[in-house]
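Coordinates as given in structure_20.cif (mmCIF, C-alpha atoms):
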data_run
loop_
_atom_site.label_atom_id
_atom_site.label_comp_id
_atom_site.auth_asym_id
_atom_site.auth_seq_id
_atom_site.Cartn_x
_atom_site.Cartn_y
_atom_site.Cartn_z
CA MET A 211 -132.17 -116.04 -204.53
CA LYS A 212 -135.21 -118.11 -205.38
CA SER A 213 -137.12 -117.50 -208.59
CA GLY A 214 -140.15 -115.19 -208.16
CA HIS A 215 -138.67 -113.24 -205.22
CA VAL A 216 -137.18 -109.77 -205.40
CA SER A 217 -134.43 -108.78 -202.99
CA THR A 218 -134.59 -105.72 -200.77
CA THR A 219 -131.49 -104.44 -202.54
CA THR A 220 -133.27 -104.63 -205.88
CA ILE A 221 -136.33 -102.77 -204.52
CA PHE A 222 -134.19 -99.96 -203.13
CA GLY A 223 -132.29 -99.83 -206.39
CA VAL A 224 -135.50 -99.36 -208.39
CA GLN A 225 -136.71 -96.70 -205.95
CA ALA A 226 -133.43 -94.88 -206.29
CA VAL A 227 -133.77 -94.86 -210.07
CA VAL A 228 -137.36 -93.54 -209.85
CA VAL A 229 -136.38 -90.81 -207.39
CA ALA A 230 -133.46 -89.84 -209.58
CA ALA A 231 -135.75 -89.65 -212.60
CA PHE A 232 -138.17 -87.41 -210.73
CA ALA A 233 -135.29 -85.25 -209.53
CA ALA A 234 -133.91 -84.91 -213.05
CA SER A 235 -137.33 -84.02 -214.46
CA TYR A 236 -137.84 -81.46 -211.72
CA ALA A 237 -134.42 -79.89 -212.14
CA LEU A 238 -134.43 -79.72 -215.92
CA GLY A 239 -138.10 -79.09 -216.62
CA SER A 240 -140.13 -75.93 -217.02
CA SER A 241 -142.08 -74.52 -214.10
CA GLU A 242 -145.15 -76.38 -215.40
CA THR A 243 -143.21 -79.65 -215.55
CA ARG A 244 -141.81 -79.08 -212.07
CA ARG A 245 -145.26 -78.59 -210.63
CA TYR A 246 -146.57 -81.71 -212.36
CA VAL A 247 -143.62 -83.77 -211.10
CA LEU A 248 -144.05 -82.49 -207.57
CA ASN A 249 -147.77 -83.24 -207.59
CA GLU A 250 -147.15 -86.75 -208.93
CA ALA A 251 -144.39 -87.43 -206.43
CA THR A 252 -146.29 -86.22 -203.38
CA GLY A 253 -149.80 -87.20 -204.41
CA SER A 254 -150.92 -83.65 -203.65
CA SER A 255 -152.46 -80.89 -205.72
CA ILE A 256 -150.47 -77.75 -205.10
CA ALA A 257 -152.62 -74.94 -206.44
CA PRO A 258 -150.83 -71.89 -207.79
CA ARG A 259 -152.22 -68.52 -206.85
CA ILE A 260 -152.90 -66.47 -209.96
CA ALA A 261 -152.09 -62.78 -209.85
CA ILE A 262 -155.19 -60.63 -210.39
CA PRO A 263 -154.15 -57.21 -211.71
CA ARG A 264 -157.23 -55.24 -210.62
CA GLU A 265 -159.72 -54.77 -207.79
CA THR A 266 -162.75 -54.37 -210.06
CA PRO A 267 -163.35 -56.11 -213.40
CA LEU A 268 -162.92 -54.64 -216.84
CA ILE A 269 -166.02 -53.43 -218.68
CA ILE A 270 -166.82 -53.86 -222.36
CA GLU A 271 -168.50 -50.66 -223.45
CA PRO A 272 -171.03 -50.59 -226.31
CA LEU A 273 -170.01 -49.06 -229.62
CA TYR A 274 -173.19 -47.37 -230.84
CA ASP A 275 -175.90 -44.90 -229.86
CA ASP A 276 -178.65 -45.54 -232.37
CA PRO A 277 -182.15 -44.23 -231.58
CA GLU A 278 -183.33 -45.86 -234.81
CA VAL A 279 -182.76 -49.23 -233.17
CA VAL A 280 -184.57 -48.23 -229.98
CA SER A 281 -185.91 -44.86 -228.85
CA ASP A 282 -185.77 -43.59 -225.27
CA GLU A 283 -189.46 -44.34 -224.84
CA GLU A 284 -189.14 -47.85 -226.24
CA LEU A 285 -186.13 -48.61 -224.08
CA ALA A 286 -187.92 -47.36 -220.98
CA ALA A 287 -190.94 -49.54 -221.80
CA VAL A 288 -188.78 -52.65 -222.19
CA LEU A 289 -186.73 -51.98 -219.05
CA ALA A 290 -189.92 -51.46 -217.06
CA LYS A 291 -190.88 -55.00 -218.05
CA VAL A 292 -187.61 -56.69 -217.08
CA GLN A 293 -187.05 -55.22 -213.64
CA PRO A 294 -186.34 -57.83 -210.94
CA ARG A 295 -189.65 -57.93 -209.08
CA PHE A 296 -188.51 -60.69 -206.80
CA TRP A 297 -189.78 -59.56 -203.41
CA SER A 298 -192.51 -61.70 -201.87
CA LYS A 299 -195.96 -60.15 -202.33
CA ASP A 300 -196.91 -61.40 -198.86
CA ASP A 301 -193.76 -60.19 -197.10
CA PRO A 302 -191.83 -57.39 -198.86
CA THR A 303 -188.83 -57.99 -196.58
CA ARG A 304 -188.28 -61.50 -197.97
CA PRO A 305 -187.51 -62.78 -201.46
CA MET A 306 -190.23 -64.75 -203.22
CA ALA A 307 -190.33 -68.38 -202.17
CA GLY A 308 -187.77 -70.56 -203.93
CA LEU A 309 -186.14 -67.68 -205.79
CA LYS A 310 -183.90 -69.27 -208.39
CA PRO A 311 -180.23 -68.20 -208.34
CA ASN A 312 -180.31 -68.25 -212.14
CA TYR A 313 -182.95 -65.50 -212.15
CA VAL A 314 -180.94 -63.40 -209.72
CA GLU A 315 -177.75 -63.89 -211.74
CA HIS A 316 -179.46 -62.76 -214.94
CA ALA A 317 -181.01 -59.76 -213.22
CA LEU A 318 -177.70 -58.73 -211.73
CA ARG A 319 -175.65 -58.98 -214.94
CA THR A 320 -178.34 -56.87 -216.64
CA TRP A 321 -178.89 -54.25 -213.93
CA TRP A 322 -175.53 -54.19 -212.12
CA ILE A 323 -174.93 -53.79 -208.40
CA LYS A 324 -175.48 -50.01 -208.49
CA ALA A 325 -179.12 -50.31 -209.66
CA LYS A 326 -181.79 -48.66 -207.49
CA PHE A 327 -185.53 -48.53 -208.12
CA GLN A 328 -188.37 -46.43 -206.77
CA ASP A 329 -190.78 -49.38 -206.92
CA PRO A 330 -190.50 -51.21 -203.57
CA GLN A 331 -191.43 -54.49 -205.24
CA VAL A 332 -188.20 -54.41 -207.26
CA MET A 333 -184.94 -55.65 -205.76
CA SER A 334 -181.98 -53.28 -205.85
CA GLY A 335 -178.65 -54.38 -207.26
CA GLU A 336 -177.18 -54.53 -203.75
CA THR A 337 -179.95 -56.85 -202.60
CA LEU A 338 -179.52 -59.09 -205.63
CA LYS A 339 -175.80 -59.25 -204.94
CA ASP A 340 -176.33 -60.11 -201.27
CA TYR A 341 -178.59 -63.02 -202.20
CA LEU A 342 -175.76 -64.56 -204.24
CA VAL A 343 -172.80 -63.92 -201.94
CA ASP A 344 -174.40 -64.54 -198.53
CA HIS A 345 -175.53 -68.05 -197.62
CA GLY A 346 -177.88 -66.66 -194.97
CA LYS A 347 -179.62 -64.35 -197.45
CA TRP A 348 -179.97 -67.23 -199.89
CA LEU A 349 -181.64 -69.33 -197.23
CA THR A 350 -184.34 -66.72 -196.57
CA SER A 351 -186.21 -67.59 -199.76
CA TRP A 352 -186.46 -71.29 -198.95
CA GLY A 353 -188.94 -73.07 -196.68
CA ASP A 354 -188.06 -74.62 -193.34
CA TRP A 355 -187.36 -78.09 -194.74
CA LYS A 356 -185.04 -76.81 -197.45
CA ARG A 357 -183.28 -74.51 -195.03
CA LYS A 358 -182.41 -77.60 -193.02
CA HIS A 359 -181.68 -80.05 -195.81
CA ALA A 360 -180.78 -78.27 -199.06
CA ALA A 361 -177.13 -78.01 -200.01
CA SER A 362 -175.80 -74.48 -200.07
CA LEU A 363 -175.33 -72.49 -203.26
CA ILE A 364 -171.90 -71.52 -201.91
CA GLN A 365 -169.67 -74.32 -200.69
CA ASP A 366 -166.41 -74.39 -198.74
CA THR A 367 -163.47 -76.28 -200.22
CA PRO A 368 -160.18 -77.19 -198.52
CA ASP A 369 -158.42 -74.17 -200.04
CA GLY A 370 -161.16 -71.88 -201.30
CA VAL A 371 -164.84 -71.68 -202.13
CA SER A 372 -166.90 -73.06 -205.01
CA ILE A 373 -170.36 -72.48 -206.43
CA ARG A 374 -172.75 -75.39 -206.71
CA TRP A 375 -174.16 -75.61 -210.22
CA GLY A 376 -176.32 -77.96 -212.25
CA LYS A 377 -179.99 -78.85 -212.60
CA GLU A 378 -180.79 -79.28 -208.91
CA GLU A 379 -183.10 -76.79 -207.28
CA GLY A 380 -181.31 -73.87 -205.67
CA THR A 381 -178.17 -74.15 -207.77
CA SER A 382 -176.55 -71.91 -210.34
CA VAL A 383 -177.59 -73.53 -213.61
CA HIS A 384 -174.33 -73.08 -215.56
CA HIS A 385 -170.67 -73.53 -214.71
CA ASP A 386 -169.09 -70.21 -213.64
CA HIS A 387 -172.34 -68.37 -214.43
CA TRP A 388 -172.44 -67.04 -210.85
CA LEU A 389 -168.94 -65.64 -211.25
CA ALA A 390 -169.50 -64.20 -214.72
CA CYS A 391 -172.74 -62.44 -213.79
CA LEU A 392 -171.31 -60.88 -210.64
CA THR A 393 -168.27 -59.87 -212.68
CA GLU A 394 -170.38 -58.17 -215.34
CA ALA A 395 -172.31 -56.48 -212.52
CA GLY A 396 -169.13 -54.80 -211.24
CA ILE A 397 -168.37 -56.85 -208.13
CA SER A 398 -165.22 -55.99 -206.19
CA LEU A 399 -162.49 -58.58 -205.76
CA ASP A 400 -162.57 -58.16 -201.98
CA GLU A 401 -166.38 -58.40 -201.69
CA PRO A 402 -167.13 -60.77 -198.78
CA VAL A 403 -168.62 -64.16 -199.62
CA PHE A 404 -170.33 -65.84 -196.68
CA THR A 405 -170.37 -69.62 -196.91
CA PRO A 406 -172.24 -71.80 -194.39
CA ASN A 407 -169.09 -71.94 -192.26
CA ALA A 408 -166.75 -69.07 -193.07
CA ARG A 409 -166.20 -65.63 -194.49
CA LYS A 410 -164.37 -65.75 -197.81
CA SER A 411 -164.22 -63.31 -200.74
CA VAL A 412 -164.89 -63.06 -204.46
CA ALA A 413 -161.13 -63.40 -204.89
CA ASP A 414 -161.35 -66.88 -203.35
CA VAL A 415 -164.10 -67.89 -205.79
CA LEU A 416 -162.11 -66.54 -208.72
CA GLN A 417 -158.94 -68.37 -207.69
CA GLU A 418 -160.86 -71.62 -207.30
CA ALA A 419 -162.47 -71.19 -210.73
CA LEU A 420 -159.14 -70.47 -212.44
CA ARG A 421 -157.15 -73.30 -210.91
CA ASP A 422 -159.92 -75.94 -211.24
CA PHE A 423 -161.01 -75.08 -214.77
CA ARG A 424 -160.88 -77.88 -217.34
CA LEU A 425 -160.86 -77.29 -221.07
CA ASP A 426 -163.18 -80.25 -221.62
CA GLU A 427 -165.98 -78.65 -219.58
CA SER A 428 -169.32 -78.88 -221.38
CA GLU A 429 -169.81 -75.12 -220.89
CA VAL A 430 -166.90 -72.69 -221.08
CA GLU A 431 -168.85 -69.60 -222.14
CA TRP A 432 -168.98 -67.93 -218.74
CA SER A 433 -165.53 -68.99 -217.59
CA ALA A 434 -164.02 -67.36 -220.68
CA MET A 435 -165.76 -64.06 -219.99
CA ALA A 436 -165.09 -63.95 -216.26
CA PHE A 437 -161.41 -64.84 -216.61
CA GLY A 438 -160.91 -62.24 -219.35
CA PHE A 439 -162.51 -59.44 -217.35
CA TRP A 440 -160.28 -60.20 -214.36
CA ILE A 441 -156.83 -61.30 -215.53
CA ALA A 442 -156.28 -59.55 -218.90
CA PRO A 443 -153.65 -58.68 -220.13
CA GLN A 444 -152.32 -61.96 -218.74
CA ARG A 445 -152.72 -64.48 -221.57
CA GLU A 446 -152.30 -67.75 -219.70
CA TRP A 447 -152.43 -69.32 -216.27
CA MET A 448 -151.72 -72.62 -214.57
CA THR A 449 -154.37 -74.94 -213.17
CA ARG A 450 -154.25 -77.08 -210.07
CA SER A 451 -153.08 -80.06 -212.11
CA GLY A 452 -150.14 -78.08 -213.49
CA ARG A 453 -151.63 -77.57 -216.95
CA MET A 454 -151.07 -74.23 -218.65
CA LEU A 455 -154.21 -72.74 -220.20
CA SER A 456 -154.59 -69.68 -222.41
CA PHE A 457 -157.24 -67.48 -223.95
CA ASP A 458 -156.24 -68.89 -227.34
CA MET A 459 -157.32 -72.30 -226.06
CA LEU A 460 -160.59 -70.90 -224.71
CA ALA A 461 -161.34 -69.13 -228.00
CA GLU A 462 -160.69 -72.35 -229.92
CA ARG A 463 -162.95 -74.24 -227.51
CA LEU A 464 -165.76 -71.71 -228.04
CA MET A 465 -165.60 -72.30 -231.80
CA ARG A 466 -165.44 -76.08 -231.64
CA GLY A 467 -168.31 -78.11 -233.08
CA HIS A 468 -171.54 -77.07 -234.74
CA MET A 469 -172.69 -73.52 -234.06
CA ARG A 470 -175.96 -74.71 -232.54
CA PHE A 471 -174.01 -76.42 -229.75
CA GLY A 472 -174.00 -74.64 -226.44
CA VAL A 473 -176.57 -72.85 -224.34
CA CYS A 474 -179.36 -70.73 -225.89
CA SER A 475 -178.91 -72.10 -229.42
CA GLY A 476 -175.19 -71.43 -229.36
CA THR A 477 -175.55 -67.66 -228.92
CA HIS A 478 -173.66 -67.49 -225.61
CA ARG A 479 -170.57 -68.87 -227.32
CA ILE A 480 -170.81 -66.07 -229.89
CA TYR A 481 -171.17 -63.39 -227.21
CA SER A 482 -168.22 -64.75 -225.21
CA LEU A 483 -166.05 -64.94 -228.31
CA MET A 484 -166.92 -61.33 -229.12
CA VAL A 485 -165.95 -60.34 -225.57
CA LEU A 486 -162.54 -61.98 -225.99
CA ILE A 487 -161.97 -60.07 -229.23
CA ARG A 488 -162.95 -56.78 -227.62
CA LEU A 489 -160.60 -57.50 -224.72
CA ASP A 490 -157.90 -58.34 -227.23
CA ASP A 491 -158.38 -54.92 -228.88
CA GLU A 492 -156.86 -53.27 -225.82
CA HIS A 493 -155.13 -56.00 -223.84
CA HIS A 494 -153.82 -58.37 -226.56
CA ILE A 495 -154.87 -61.62 -224.91
CA LEU A 496 -155.09 -63.56 -228.20
CA SER A 497 -152.41 -64.46 -230.70
CA PRO A 498 -152.85 -62.79 -234.12
CA GLU A 499 -153.62 -66.18 -235.65
CA MET A 500 -156.32 -67.03 -233.13
CA ARG A 501 -157.84 -63.57 -233.37
CA GLU A 502 -158.22 -63.98 -237.13
CA GLN A 503 -159.78 -67.42 -236.67
CA ALA A 504 -162.26 -65.92 -234.22
CA MET A 505 -163.09 -63.07 -236.58
CA ASP A 506 -163.65 -65.56 -239.42
CA HIS A 507 -165.99 -67.52 -237.16
CA LEU A 508 -167.99 -64.38 -236.43
CA ARG A 509 -168.09 -63.44 -240.11
CA ILE A 510 -169.64 -66.83 -240.78
CA THR A 511 -172.12 -66.14 -237.97
CA ARG A 512 -173.00 -62.80 -239.59
CA ASP A 513 -173.66 -64.51 -242.92
CA LEU A 514 -175.83 -67.16 -241.28
CA ILE A 515 -178.05 -64.65 -239.47
CA MET A 516 -178.34 -62.65 -242.68
CA ALA A 517 -179.71 -65.76 -244.38
CA SER A 518 -181.95 -66.96 -241.51
CA GLN A 519 -183.89 -63.88 -240.41
CA PHE A 520 -187.66 -64.14 -240.83
CA GLU A 521 -189.68 -61.41 -242.52
CA ASP A 522 -191.09 -60.18 -239.21
CA GLY A 523 -187.54 -59.62 -237.93
CA HIS A 524 -186.98 -62.50 -235.50
CA TRP A 525 -184.23 -65.11 -235.67
CA PRO A 526 -185.17 -68.76 -235.07
CA SER A 527 -183.47 -71.23 -232.77
CA ASN A 528 -181.98 -73.02 -235.80
CA TRP A 529 -180.33 -69.85 -237.13
CA PRO A 530 -177.07 -71.81 -237.76
CA ASP A 531 -178.89 -73.55 -240.62
CA GLY A 532 -178.79 -70.29 -242.59
CA ALA A 533 -181.20 -70.23 -245.54
CA ASP A 534 -182.49 -73.70 -244.59
CA ALA A 535 -183.96 -72.13 -241.44
CA LEU A 536 -186.40 -70.30 -243.73
CA SER A 537 -187.07 -73.07 -246.21
CA LYS A 538 -187.41 -75.71 -243.46
CA PRO A 539 -188.77 -73.73 -240.51
CA VAL A 540 -188.99 -75.29 -237.07
CA GLU A 541 -191.96 -74.79 -234.76
CA ASP A 542 -190.28 -72.57 -232.21
CA PRO A 543 -192.18 -71.52 -229.07
CA LEU A 544 -192.05 -67.76 -228.57
CA TYR A 545 -189.36 -67.85 -225.90
CA LYS A 546 -186.89 -69.53 -228.27
CA LYS A 547 -187.41 -66.75 -230.79
CA VAL A 548 -186.79 -64.24 -227.99
CA ILE A 549 -183.61 -66.08 -227.03
CA ALA A 550 -182.14 -66.05 -230.52
CA THR A 551 -183.19 -62.51 -231.40
CA GLY A 552 -182.27 -60.89 -228.09
CA HIS A 553 -178.93 -62.66 -227.80
CA HIS A 554 -177.90 -61.80 -231.36
CA LEU A 555 -178.75 -58.14 -230.81
CA GLU A 556 -176.66 -58.27 -227.64
CA TRP A 557 -173.40 -59.43 -229.22
CA LEU A 558 -173.92 -57.22 -232.28
CA ALA A 559 -174.07 -54.18 -229.98
CA ILE A 560 -170.45 -54.75 -228.96
CA ALA A 561 -169.27 -55.93 -232.39
CA PRO A 562 -167.51 -53.83 -235.05
CA LYS A 563 -169.63 -52.92 -238.07
CA GLU A 564 -167.84 -55.38 -240.33
CA LEU A 565 -169.55 -58.15 -238.35
CA HIS A 566 -173.02 -56.62 -238.71
CA PRO A 567 -175.71 -57.74 -241.11
CA PRO A 568 -177.32 -54.90 -243.09
CA HIS A 569 -178.65 -52.24 -240.73
CA GLU A 570 -182.22 -52.83 -241.89
CA MET A 571 -182.01 -56.34 -240.45
CA ILE A 572 -180.92 -54.98 -237.07
CA LEU A 573 -183.83 -52.51 -237.10
CA LYS A 574 -186.31 -55.27 -237.96
CA ALA A 575 -184.98 -57.51 -235.18
CA ALA A 576 -185.20 -54.68 -232.67
CA ASP A 577 -188.75 -53.78 -233.71
CA TRP A 578 -189.83 -57.40 -233.31
CA VAL A 579 -188.26 -57.91 -229.91
CA ILE A 580 -189.47 -54.54 -228.54
CA LYS A 581 -193.06 -55.27 -229.58
CA THR A 582 -192.88 -58.84 -228.31
CA THR A 583 -191.46 -57.85 -224.92
CA THR A 584 -193.82 -54.96 -224.23
CA GLU A 585 -196.84 -57.11 -225.08
CA GLN A 586 -196.00 -59.70 -222.40
CA THR A 587 -197.81 -59.76 -219.08
CA ASP A 588 -195.82 -59.61 -215.85
CA LYS A 589 -196.57 -63.30 -215.40
CA ASP A 590 -195.20 -64.08 -218.87
CA ILE A 591 -192.01 -62.15 -218.13
CA GLY A 592 -191.65 -63.79 -214.74
CA GLU A 593 -191.83 -67.28 -216.21
CA ARG A 594 -189.17 -66.48 -218.84
CA TYR A 595 -187.27 -63.78 -217.02
CA THR A 596 -183.79 -65.01 -217.90
CA PHE A 597 -184.42 -64.73 -221.64
CA PHE A 598 -186.17 -61.36 -221.57
CA SER A 599 -183.41 -59.88 -219.39
CA HIS A 600 -181.06 -60.22 -222.35
CA VAL A 601 -183.45 -58.11 -224.42
CA GLY A 602 -183.25 -55.25 -221.92
CA ASN A 603 -179.47 -55.39 -221.82
CA ALA A 604 -179.12 -55.62 -225.60
CA LEU A 605 -181.34 -52.62 -226.29
CA ALA A 606 -179.59 -50.48 -223.68
CA LEU A 607 -176.26 -51.30 -225.30
CA TRP A 608 -177.58 -50.06 -228.64
CA ARG A 609 -178.09 -46.67 -226.96
CA HIS A 610 -174.53 -46.68 -225.62
CA THR A 611 -175.71 -47.08 -222.06
CA HIS A 612 -176.50 -49.73 -219.48
CA PRO A 613 -179.93 -50.52 -218.00
CA ALA A 614 -179.24 -49.09 -214.53
CA ASP A 615 -177.72 -45.86 -215.87
CA PHE A 616 -180.61 -45.28 -218.25
CA TRP A 617 -183.40 -46.29 -215.89
CA MET A 618 -182.28 -44.34 -212.82
CA LYS A 619 -181.98 -41.17 -214.91
CA TRP A 620 -185.28 -41.83 -216.67
CA GLU A 621 -187.08 -42.46 -213.39
CA ALA A 622 -185.58 -39.36 -211.74
CA ASP A 623 -186.44 -37.12 -214.72
CA HIS A 624 -190.01 -38.37 -214.93
CA SER A 625 -190.52 -38.09 -211.17
CA LYS A 626 -189.59 -34.42 -211.47
CA LEU A 627 -192.06 -33.97 -214.32
CA LEU A 628 -194.77 -35.71 -212.26
CA ASP A 629 -194.03 -33.48 -209.27
CA ALA A 630 -194.23 -30.42 -211.49
CA VAL A 631 -197.75 -31.21 -212.72
CA THR A 632 -199.11 -32.56 -209.39
CA PRO A 633 -201.13 -29.92 -207.50
#

Spit out the file's structure as structure tokens when you get a sec.
Amino acid sequence: MKSGHVSTTTIFGVQAVVVAAFAASYALGSSETRRYVLNEATGSSIAPRIAIPRETPLIIEPLYDDPEVVSDEELAAVLAKVQPRFWSKDDPTRPMAGLKPNYVEHALRTWWIKAKFQDPQVMSGETLKDYLVDHGKWLTSWGDWKRKHAASLIQDTPDGVSIRWGKEEGTSVHHDHWLACLTEAGISLDEPVFTPNARKSVADVLQEALRDFRLDESEVEWSAMAFGFWIAPQREWMTRSGRMLSFDMLAERLMRGHMRFGVCSGTHRIYSLMVLIRLDDEHHILSPEMREQAMDHLRITRDLIMASQFEDGHWPSNWPDGADALSKPVEDPLYKKVIATGHHLEWLAIAPKELHPPHEMILKAADWVIKTTTEQTDKDIGERYTFFSHVGNALALWRHTHPADFWMKWEADHSKLLDAVTP
């Protein structure tokens, strides 16, 4: 044999060794190792189907009913401001032109699918849901050119369905935000999802999200919530690549880095972490060690918001700076103050009292955000709807209720009073 040439016998011998190594790894390895070996050997991505133990998602109920935080009248006034008035003023059978999915998602996670309103300008929960799960309904708010050329919010994949997200017009702004908001709204697992080419279901979206999730995603806040509401008490699951993920890993990821990292001045990470702890209370999805780490993280958060609250009651966007947020104040626009204050009130409403700042601070924050919200014009609310929607949800939670439950009863009771005094 000449130098530089490899015989056929040698090639087959090497292949035999490689095949034998793969076979040994497959035979002796764990189920995760076997899947990885099989994927590497075949060049395919065999996606496991994750068992979902329920048809409707879990619900995290609020812990308090405190009329000192917000009275019935104050809550009604705030909820009247944050209703989803998304119908076109020119054509009440069509959504407003270019209706952003992000607005609809926020409205739905606040009001839930069961929400109904007497005002015809306000979209019901069912209508909001249809806009997100039906490609045809989504198209109705876009002009002719975009109906022909814009990519769909919902996209078919070879073995499922995914949601287009990012900064482009007509997308869901955050990764798995579509899924998390519909989940919080009480969507059913078998709810149909109409893509441009097929009829799928929420179950297909959930499976795709679980198996394609990566721990190095820039945003894991909504994935953590959605997965917890659906698969608890299951603690871990396998991705398409064969990697095993767990809620411990998600909790650690939510705590990684500076607290100001993440969407809305880091407050979504805090809310999602609190959700995981509340789920752990009943379903034990976290290890004891990780639960204690998460609780320590939230105790630090409590101490920081105690030190950073302004005299008028609001929290600033740089609340993670603690006392420095007061001594070195930033020039926050109003909406950033609303973000920080509303979001902190939201997670505190589902948090145990040991994680609360002094009650007087909660009362001051609520007074500030109630006054601020009710003073806004409809135009102001419309331009910052996503942030103000959190205020409505937070205040309802402090009365141990949810916006739709409170509002439908309030509206029915006051309609009866109006009928009684109308000649």

Please check which residues have atoms at most 10 Å from (-175.6, -75.8, -207.7) in the file's coordinates, counting all atoms listed in the file, and write them as a ChimeraX atom specification.
/A:311-312,361-365,372-385,388

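Between CA of Asp386 (chain A) and CA of Ser433 (chain A) lies a distance of 5.5 Å.
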
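Ranking A:Trp440, A:Gln586, A:Arg295, A:Arg509 by their shortest atom-to-atom distance to Gln328 (chain A), with all atoms listed in the file included, puts A:Arg295 first.
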
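Note that the spacing between CA of Ala561 (chain A) and CA of Ser428 (chain A) amounts to 25.5 Å.
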
Residue neighbourhood region 591-603 of chain A, 9 Å, all atoms listed in the file, exclusion window fewer than 3 positions, as an MDAnalysis selection string:
chainID A and resid 285 288:289 291:295 312:317 319:321 474 545:546 548:549 551:553 555:556 579:580 583 586:588 606:608 612:613

CA of His345 (chain A) to CA of Phe404 (chain A): how many Å, to one decimal?
5.7 Å

Decode the PyMOL selection byres ((chain A and resi 277) around 12) for the given file into explicit residues and return them as a PDB file with C-alpha atoms, in the frame of the given file.
ATOM      1  CA  TYR A 274    -173.190 -47.370-230.840  1.00  0.00           C
ATOM      2  CA  ASP A 275    -175.900 -44.900-229.860  1.00  0.00           C
ATOM      3  CA  ASP A 276    -178.650 -45.540-232.370  1.00  0.00           C
ATOM      4  CA  GLU A 278    -183.330 -45.860-234.810  1.00  0.00           C
ATOM      5  CA  VAL A 279    -182.760 -49.230-233.170  1.00  0.00           C
ATOM      6  CA  VAL A 280    -184.570 -48.230-229.980  1.00  0.00           C
ATOM      7  CA  SER A 281    -185.910 -44.860-228.850  1.00  0.00           C
ATOM      8  CA  ASP A 282    -185.770 -43.590-225.270  1.00  0.00           C
ATOM      9  CA  GLU A 283    -189.460 -44.340-224.840  1.00  0.00           C
ATOM     10  CA  GLU A 284    -189.140 -47.850-226.240  1.00  0.00           C
ATOM     11  CA  LEU A 285    -186.130 -48.610-224.080  1.00  0.00           C
ATOM     12  CA  LEU A 573    -183.830 -52.510-237.100  1.00  0.00           C
ATOM     13  CA  ALA A 576    -185.200 -54.680-232.670  1.00  0.00           C
ATOM     14  CA  ASP A 577    -188.750 -53.780-233.710  1.00  0.00           C
ATOM     15  CA  LEU A 605    -181.340 -52.620-226.290  1.00  0.00           C
ATOM     16  CA  ALA A 606    -179.590 -50.480-223.680  1.00  0.00           C
ATOM     17  CA  LEU A 607    -176.260 -51.300-225.300  1.00  0.00           C
ATOM     18  CA  TRP A 608    -177.580 -50.060-228.640  1.00  0.00           C
ATOM     19  CA  ARG A 609    -178.090 -46.670-226.960  1.00  0.00           C
ATOM     20  CA  HIS A 610    -174.530 -46.680-225.620  1.00  0.00           C
ATOM     21  CA  THR A 611    -175.710 -47.080-222.060  1.00  0.00           C
TER      22      THR A 611
END

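Remark: for Lys310 (chain A), the closest of the candidate residues A:Leu338, A:Ala395, A:Ala419, A:Ala325 is A:Leu338 (distances computed over all atoms listed in the file).
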
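Nearest-residue note for Met571 (chain A): choosing from A:Trp447, A:Trp525, A:Phe327, A:Trp297, the minimum distance belongs to A:Trp525, counting all atoms listed in the file.
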
Taking only C-alpha atoms into account, which of A:Glu431, A:Glu521, A:Asp506, A:Asp590 comes nearest Gly476 (chain A)?
A:Glu431

For Ile262 (chain A), work out the shell of residues within 12 Å, counting only C-alpha atoms and skipping chain neighbours fewer than 6 positions away, then give it as a PyMOL selection string.
chain A and resi 268+398-400+412-414+416-417+420+436-444+447

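Using only C-alpha atoms, the nearest neighbour of Cys391 (chain A) within the list A:Lys347, A:Leu318, A:Ser497, A:Val415 is A:Leu318.
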
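Using the PyMOL selection byres ((chain A and resi 524) around 7) on the file at hand returns these residues: Gln519, Phe520, Asp522, Gly523, Trp525, Pro526, Lys547, Thr551, Ala575 and Trp578 of chain A.
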
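For the choices A:Glu502, A:Glu462, A:Glu570, A:Glu401, the atom-to-atom distance to Ser482 (chain A) is smallest for A:Glu462 when using all atoms listed in the file.
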
Because some atoms of region 442-446 of chain A are absent here, can you restore N, CA, C and O atoms and send them as a short mmCIF file (atom, residue, chain, number, x, y, z; two decimals), keeping the file's coordinate frame?
data_model
loop_
_atom_site.label_atom_id
_atom_site.label_comp_id
_atom_site.auth_asym_id
_atom_site.auth_seq_id
_atom_site.Cartn_x
_atom_site.Cartn_y
_atom_site.Cartn_z
N ALA A 442 -156.94 -60.23 -217.77
CA ALA A 442 -156.28 -59.55 -218.90
C ALA A 442 -155.43 -58.40 -218.34
O ALA A 442 -155.84 -57.73 -217.39
N PRO A 443 -154.23 -58.17 -218.88
CA PRO A 443 -153.65 -58.68 -220.13
C PRO A 443 -152.88 -60.00 -220.01
O PRO A 443 -152.24 -60.40 -220.97
N GLN A 444 -152.95 -60.65 -218.86
CA GLN A 444 -152.32 -61.96 -218.74
C GLN A 444 -152.97 -62.93 -219.72
O GLN A 444 -154.20 -63.07 -219.75
N ARG A 445 -152.19 -63.62 -220.51
CA ARG A 445 -152.72 -64.48 -221.57
C ARG A 445 -152.94 -65.91 -221.12
O ARG A 445 -153.74 -66.62 -221.71
N GLU A 446 -152.22 -66.35 -220.10
CA GLU A 446 -152.30 -67.75 -219.70
C GLU A 446 -152.14 -67.89 -218.20
O GLU A 446 -151.69 -66.97 -217.51
#
